[in-house]
Structures are given as structure tokens and as C-alpha cells.
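Trainee: Starting off with a structure, shown below.
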Amino acid sequence: MQQARINPTAPPSTQRKPQRRSGLWLLLAVLVGGASLLMFACIAVTLGVAVIYSQGVLPGVSAAGIDLGSLSQVEAAAAIQSEWRMVNLRDGERFWNLERAALGIEVDAAATAERAYQQGRGESSIFEAFGGIEIAPVVSVDREMLTAALRAFANRVESQPVDAGVTFANGQIQPTPPQNGRLLDVEATVNSVTDLTAGTINLVMVAVSPQITDSSAMIAAASALVGSPLTIRIH
């Protein structure tokens, strides 16, 4: 009896290929189904929020630091007009609060409320609104009044430059280093007041160098003076 020979180079069986293809189709169906469910969930959330807050500002929306979420446009306008009284002037970590009216800044409360109402309804997505959106209030600025107010305020934020010099301490002549100053650029600050998001004005500061930065000549003169003999005459 002859035994059947097995050819080692024979191609592998292809009977399992249909099973693999079935698995791929199943995975594709699951992914498509999941994406469809997610899309329908987003649509449902959007429609639900639109119905619940059809007449009001979406939660998470604020203007000039005032929470306007869930308020009607009329209520939002009233809140902006009554609550936004102070403007924050900021220089890095330092800040000061000044009366908005004293700075010549008038707010259009109705237009600001309308802008807040549109968040999540075209200007941004509903999910962005719920995540928190701070919008800039609609304002008009009296430039002359704001300029005068900033000039009067400048001495509270500015530091004048200090020239290099000399000092006499512990019997020794020692140099004192120069120091840069920081001055308020009033015109640039006024020009920047186009976006009062969070009710804040960022002050534009400029560095000013001292006129004298090298005190070596003063040290030499002081040393010569100290080293000279002192003659006292009494008449």
C-alpha cells in the first residue's frame, strides 16, 4: 500500500478567509453604529438645550466677569448695566479697580446681551458655551476722558529711572547701580481699549533707561576728594 505524500510547498488552506472578512465587516458595523449613536446623542443634546434655554443665554456665558447664564436677554442687559461698575487696570500681577464711568467707558447693555444670547447659536458651539465663554462687552469709549483719567492714574503705576551714582558707606566709596524705569504709555493704552473681555484694560508700559549708567568718573572724583588733605583756616 502506498502512503499519500504531503507536499510541504502546497499553499495553505483558504477556507478561513471568509471568517476573517466577516470579522472585519462586523467591526466596521460596530464602528459605524457607534458613530451614529454619538451623532444622534449630540443632536438630542442640542435640541434639548435649545428647547430648555430657548429664551435665555446658555449656561457658561459671561461678559465683563458677570455670569449671564440662564438669563433672558432683558435680564442679561439689566445685569450688565447694574453690575459692571468697575474696570480692572492690570500691569502683570498688579491690578487696580477704577470706576467705569470715570474712565469714559459706556456699555451697550442690550447689544452685549444679544451677543451673549448668540453664543451656542451660531457664534460658537453649545459645548463651547457650556465649557465657559467670556465675551467682550459692546462699549463706546470717550478717548479724551480716558486719556485724562490714565494720566492722572499714571503716578500710581510708574517708576522713574535712577541714574548710577556713588555712596559713602563704612569708610568706603561704593557705586550705586542704575535702575531702569517703567512709564505708562497712555496713548498706546487708549488705542488698545477695543476688547474689554473680563472688564480688563491691560496697561501698556515702556521701559525707560537712566541718563547716567556708568559711575566710574564720579567714583574717581570722590576718591580724589577724599584723598586730598583738608586744610582748615580760622581767621
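Naming works like this for the C-alpha cells: A, B, ... for the chains as they're shown, residue 1 at the start of each chain, ligands 1 onward in shown order.
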Tell me, as a PyMOL selection string, which residues lie within 9 Å of Thr112 (chain A), counting only C-alpha atoms; anything in the same chain fewer than 4 positions away does not count.
Mentor: chain A and resi 63+76-77+80+107-108+116-117+135-139
Trainee: Would you kindly return, as a VMD selection string, each protein, DNA or RNA residue with an atom no farther than 8 Å from any atom of region 201-218 of chain A, considering only C-alpha atoms and excluding same-chain residues fewer than 2 positions away?
Mentor: chain A and resid 87 to 91 160 to 166 175 to 186 188 to 189 193 196 199 220 to 222
Trainee: So which bits of region 69-205 of chain A end up helix (DSSP H, G or I) when you DSSP the backbone, as JSON, numbers by chain?
Mentor: {"A": [73, 74, 75, 76, 77, 78, 79, 80, 81, 82, 83, 101, 102, 103, 109, 110, 111, 112, 113, 114, 115, 116, 117, 118, 126, 127, 128, 129, 130, 131, 143, 144, 145, 146, 147, 148, 149, 150, 151, 152, 153, 154, 155, 156, 186, 187, 188, 189, 190, 191, 192, 197, 198, 199]}
Trainee: Hey, which of A:Asn170, A:Ser82, A:Ser72, A:Ser192 ends up closest to Gln118 (chain A)? Count only C-alpha atoms.
Mentor: A:Ser72
Trainee: Considering only C-alpha atoms, return as a VMD selection string whatever protein or nucleic-acid residues lie within 9 Å of Ala101 (chain A), sequence-local ones (same chain, fewer than 3 positions apart) excluded.
Mentor: chain A and resid 85 to 86 98 104 to 106
Trainee: Write a file of the just-selected residues containing N, CA, C and O atoms, as a JSON list (two decimals), in the first residue's frame.
Mentor:
[["chain", "number", "residue", "atom", "x", "y", "z"],
["A", 85, "ARG", "N", -19.63, 97.99, 37.12],
["A", 85, "ARG", "CA", -19.32, 99.36, 37.51],
["A", 85, "ARG", "C", -17.81, 99.64, 37.52],
["A", 85, "ARG", "O", -17.39, 100.79, 37.36],
["A", 86, "MET", "N", -17.02, 98.61, 37.73],
["A", 86, "MET", "CA", -15.58, 98.80, 37.86],
["A", 86, "MET", "C", -14.85, 98.17, 36.68],
["A", 86, "MET", "O", -15.26, 97.15, 36.14],
["A", 98, "LEU", "N", -10.94, 100.81, 38.88],
["A", 98, "LEU", "CA", -11.42, 102.19, 38.74],
["A", 98, "LEU", "C", -12.85, 102.18, 38.23],
["A", 98, "LEU", "O", -13.28, 101.25, 37.53],
["A", 104, "GLY", "N", -14.68, 107.03, 31.19],
["A", 104, "GLY", "CA", -15.32, 107.41, 29.93],
["A", 104, "GLY", "C", -15.76, 106.22, 29.09],
["A", 104, "GLY", "O", -15.84, 106.32, 27.86],
["A", 105, "ILE", "N", -16.05, 105.11, 29.75],
["A", 105, "ILE", "CA", -16.46, 103.89, 29.04],
["A", 105, "ILE", "C", -17.95, 103.66, 29.24],
["A", 105, "ILE", "O", -18.41, 103.49, 30.38],
["A", 106, "GLU", "N", -18.69, 103.68, 28.15],
["A", 106, "GLU", "CA", -20.13, 103.42, 28.18],
["A", 106, "GLU", "C", -20.40, 102.05, 27.58],
["A", 106, "GLU", "O", -19.83, 101.69, 26.54]]
Trainee: One number please: CA of Ala148 (chain A) to CA of Leu103 (chain A), in Å, one decimal.
Mentor: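 CA of Ala148 (chain A) sits 8.4 Å away from CA of Leu103 (chain A).
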Trainee: Assign secondary structure with DSSP using the backbone only, and return the residues of region 51-122 of chain A in strand (DSSP E or B) as a list in words.
Mentor: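 Taking region 51-122 of chain A and keeping strand (DSSP E or B) only, one gets Gly56, Val61, Ser62, Ala63, Ile66, Asp67, Ser72, Met86, Val87, Asn88, Leu89, Arg90, Asp91, Arg94, Phe95, Trp96, Asn97, Leu98, Glu99, Ile105, Glu106 and Val107 of chain A.
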Trainee: Rounded to one decimal place, report the CA of Thr147 (chain A)-CA of Ala79 (chain A) distance in Å.
Mentor: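 For CA of Thr147 (chain A) relative to CA of Ala79 (chain A), the distance reads 27.6 Å.
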Trainee: CA of Val141 (chain A) and CA of Ser70 (chain A), how far apart in Å?
Mentor: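 Those two atoms sit 29.0 Å apart.
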Trainee: Which residue out of A:Ala169, A:Ala154, A:Asp67, A:Ala110 has the minimum interatomic distance to Gln81 (chain A) when only C-alpha atoms are used?
Mentor: A:Ala110
Trainee: Could you tell me which of A:Gln174, A:Asn155, A:Gln119, A:Asn97 comes closest to Glu134 (chain A) if we count only C-alpha atoms?
Mentor: A:Gln119
